[in-house]
Amino acid sequence: QVQLVESGGGLVQAGGSLRLSCAASGSIGSINAMGWYRQAPGKQREWVAHITSGGSTNYADSVKGRFTISRDNAKNTVYLQMNSLKPEDTAVYYCNAVLWTSYNYWGQGTQVTVSS
C-alpha cells in the first residue's frame, strides 16, 4: 500500500508560480516512478510529468520549459514547480505513483486556479 498526499495548490495570476508537493508513505520501496496528472473541468485527466526512481524526467509538451518535476528521496516527496502559469493550466492536479508491478496509486488531488 502507498499513500500519497498532495499540497501546494491555490489561486495565482497568470505568469505566476506555484509549487506542488506530494508526500508518499507506506511501501515506498515498491515505487518505480512518480508523476503528476491534471484534470480540467469537462476534460479527461492528462499526464503532466513524471520522474523515475533513477531520476529521469519527462514532460508533456504543454508544460515543457515551464514546469519542473523533482524528488527528495530523504523526504519521500515529489515536487512540481510550475512557472509562467497560464489560465489553461487551471485544473485539479493529481499525484501518481507507479509500482514495479505497474499498479497505480493516486492522491486526492489539489486545485490549481490561474486567473487571467
# chains A, B, ... in the order shown; residues from 1 in each chain; ligands from 1
>>> residues_around(residues="Gly9 (chain A)", least_positions_apart="2", cutoff="6 Å", atoms="only C-alpha atoms", output="compact mmCIF listing (two decimals) with C-alpha atoms, in the first residue's frame")
# COMPACT_ATOMS: atom_id res chain seq x y z
CA SER A 7 -0.35 20.06 -1.14
CA THR A 110 -5.14 19.66 -5.29
CA GLN A 111 -6.82 22.55 -7.10
CA VAL A 112 -4.73 24.98 -9.14
>>> select_by_dssp(residues="chain A", states="strand (DSSP E or B)", output="PyMOL selection string")
chain A and resi 2-7+10-13+18-26+31-39+46-52+57-59+67-72+77-82+91-99+104-106+110-115
>>> select_by_dssp(residues="chain A", states="helix (DSSP H, G or I)", output="list in words")
Ile28, Gly29, Ser30, Pro87, Glu88 and Asp89 of chain A
>>> closest_residue(among="A:Ala33, A:Leu20, A:Val48, A:Val114", to="Leu85 (chain A)", atoms="only C-alpha atoms")
A:Val114
>>> closest_residue(among="A:Ala74, A:Ile69, A:Leu11, A:Val2", to="Asn32 (chain A)", atoms="only C-alpha atoms")
A:Val2
>>> residues_around(residues="Gly55 (chain A)", least_positions_apart="4", cutoff="9 Å", atoms="only C-alpha atoms", output="compact mmCIF listing (two decimals) with N, CA and C atoms, in the first residue's frame")
# COMPACT_ATOMS: atom_id res chain seq x y z
N ALA A 33 8.10 4.81 -10.33
CA ALA A 33 8.09 6.18 -10.82
C ALA A 33 6.95 6.94 -10.18
N ILE A 51 8.80 11.31 -13.00
CA ILE A 51 10.20 11.12 -12.65
C ILE A 51 10.38 9.68 -12.19
N SER A 70 10.72 17.21 -9.54
CA SER A 70 11.91 16.81 -8.81
C SER A 70 11.48 15.94 -7.63
N ARG A 71 12.46 15.31 -7.00
CA ARG A 71 12.13 14.46 -5.87
C ARG A 71 13.18 14.61 -4.79
>>> residues_around(residues="Gly29 (chain A)", least_positions_apart="5", cutoff="10 Å", atoms="only C-alpha atoms", output="list in words")
Val2, Ser53, Leu99 and Trp100 of chain A
>>> decode(residues="region 90-110 of chain A", atoms="N, CA, C and O atoms", output="mmCIF file, in the first residue's frame")
data_model
loop_
_atom_site.group_PDB
_atom_site.id
_atom_site.type_symbol
_atom_site.label_atom_id
_atom_site.label_comp_id
_atom_site.auth_asym_id
_atom_site.auth_seq_id
_atom_site.Cartn_x
_atom_site.Cartn_y
_atom_site.Cartn_z
ATOM 1 N N THR A 90 -5.221 25.722 -15.356
ATOM 2 C CA THR A 90 -6.209 25.529 -14.294
ATOM 3 C C THR A 90 -6.771 24.119 -14.345
ATOM 4 O O THR A 90 -7.247 23.652 -15.380
ATOM 5 N N ALA A 91 -6.677 23.419 -13.225
ATOM 6 C CA ALA A 91 -7.117 22.022 -13.156
ATOM 7 C C ALA A 91 -6.930 21.512 -11.732
ATOM 8 O O ALA A 91 -6.304 22.174 -10.902
ATOM 9 N N VAL A 92 -7.464 20.334 -11.494
ATOM 10 C CA VAL A 92 -7.111 19.590 -10.284
ATOM 11 C C VAL A 92 -5.887 18.746 -10.635
ATOM 12 O O VAL A 92 -5.906 18.010 -11.630
ATOM 13 N N TYR A 93 -4.846 18.888 -9.842
ATOM 14 C CA TYR A 93 -3.598 18.173 -10.093
ATOM 15 C C TYR A 93 -3.520 16.968 -9.158
ATOM 16 O O TYR A 93 -3.713 17.093 -7.941
ATOM 17 N N TYR A 94 -3.217 15.819 -9.750
ATOM 18 C CA TYR A 94 -3.154 14.562 -9.006
ATOM 19 C C TYR A 94 -1.741 13.993 -9.037
ATOM 20 O O TYR A 94 -1.112 13.933 -10.098
ATOM 21 N N CYS A 95 -1.292 13.567 -7.891
ATOM 22 C CA CYS A 95 -0.028 12.850 -7.790
ATOM 23 C C CYS A 95 -0.278 11.375 -8.093
ATOM 24 O O CYS A 95 -1.316 10.818 -7.707
ATOM 25 N N ASN A 96 0.678 10.777 -8.765
ATOM 26 C CA ASN A 96 0.560 9.368 -9.170
ATOM 27 C C ASN A 96 1.844 8.627 -8.826
ATOM 28 O O ASN A 96 2.943 9.164 -9.000
ATOM 29 N N ALA A 97 1.688 7.413 -8.340
ATOM 30 C CA ALA A 97 2.836 6.541 -8.091
ATOM 31 C C ALA A 97 2.609 5.231 -8.822
ATOM 32 O O ALA A 97 1.535 4.631 -8.707
ATOM 33 N N VAL A 98 3.619 4.822 -9.575
ATOM 34 C CA VAL A 98 3.542 3.559 -10.311
ATOM 35 C C VAL A 98 4.506 2.577 -9.664
ATOM 36 O O VAL A 98 5.706 2.859 -9.550
ATOM 37 N N LEU A 99 3.985 1.455 -9.249
ATOM 38 C CA LEU A 99 4.823 0.438 -8.625
ATOM 39 C C LEU A 99 5.560 -0.385 -9.673
ATOM 40 O O LEU A 99 5.222 -0.363 -10.862
ATOM 41 N N TRP A 100 6.544 -1.144 -9.218
ATOM 42 C CA TRP A 100 7.258 -2.043 -10.119
ATOM 43 C C TRP A 100 6.312 -3.092 -10.716
ATOM 44 O O TRP A 100 6.597 -3.638 -11.782
ATOM 45 N N THR A 101 5.205 -3.330 -10.049
ATOM 46 C CA THR A 101 4.197 -4.268 -10.560
ATOM 47 C C THR A 101 3.256 -3.607 -11.552
ATOM 48 O O THR A 101 2.344 -4.245 -12.054
ATOM 49 N N SER A 102 3.482 -2.310 -11.827
ATOM 50 C CA SER A 102 2.641 -1.495 -12.707
ATOM 51 C C SER A 102 1.333 -1.065 -12.062
ATOM 52 O O SER A 102 0.519 -0.417 -12.719
ATOM 53 N N TYR A 103 1.135 -1.387 -10.805
ATOM 54 C CA TYR A 103 -0.064 -0.906 -10.120
ATOM 55 C C TYR A 103 0.094 0.587 -9.868
ATOM 56 O O TYR A 103 1.167 1.068 -9.555
ATOM 57 N N ASN A 104 -1.032 1.304 -9.956
ATOM 58 C CA ASN A 104 -1.028 2.750 -9.785
ATOM 59 C C ASN A 104 -1.728 3.155 -8.498
ATOM 60 O O ASN A 104 -2.771 2.606 -8.139
ATOM 61 N N TYR A 105 -1.162 4.161 -7.837
ATOM 62 C CA TYR A 105 -1.818 4.822 -6.713
ATOM 63 C C TYR A 105 -1.992 6.294 -7.052
ATOM 64 O O TYR A 105 -1.174 6.869 -7.777
ATOM 65 N N TRP A 106 -3.058 6.880 -6.484
ATOM 66 C CA TRP A 106 -3.367 8.274 -6.749
ATOM 67 C C TRP A 106 -3.569 9.039 -5.457
ATOM 68 O O TRP A 106 -4.074 8.494 -4.481
ATOM 69 N N GLY A 107 -3.192 10.310 -5.491
ATOM 70 C CA GLY A 107 -3.511 11.192 -4.385
ATOM 71 C C GLY A 107 -4.923 11.724 -4.536
ATOM 72 O O GLY A 107 -5.630 11.404 -5.495
ATOM 73 N N GLN A 108 -5.316 12.572 -3.584
ATOM 74 C CA GLN A 108 -6.681 13.066 -3.566
ATOM 75 C C GLN A 108 -6.882 14.266 -4.488
ATOM 76 O O GLN A 108 -8.015 14.632 -4.791
ATOM 77 N N GLY A 109 -5.799 14.859 -4.934
ATOM 78 C CA GLY A 109 -5.870 15.999 -5.851
ATOM 79 C C GLY A 109 -5.777 17.326 -5.125
ATOM 80 O O GLY A 109 -6.194 17.458 -3.973
ATOM 81 N N THR A 110 -5.223 18.307 -5.818
ATOM 82 C CA THR A 110 -5.138 19.661 -5.291
ATOM 83 C C THR A 110 -5.487 20.633 -6.418
ATOM 84 O O THR A 110 -5.032 20.478 -7.546
#
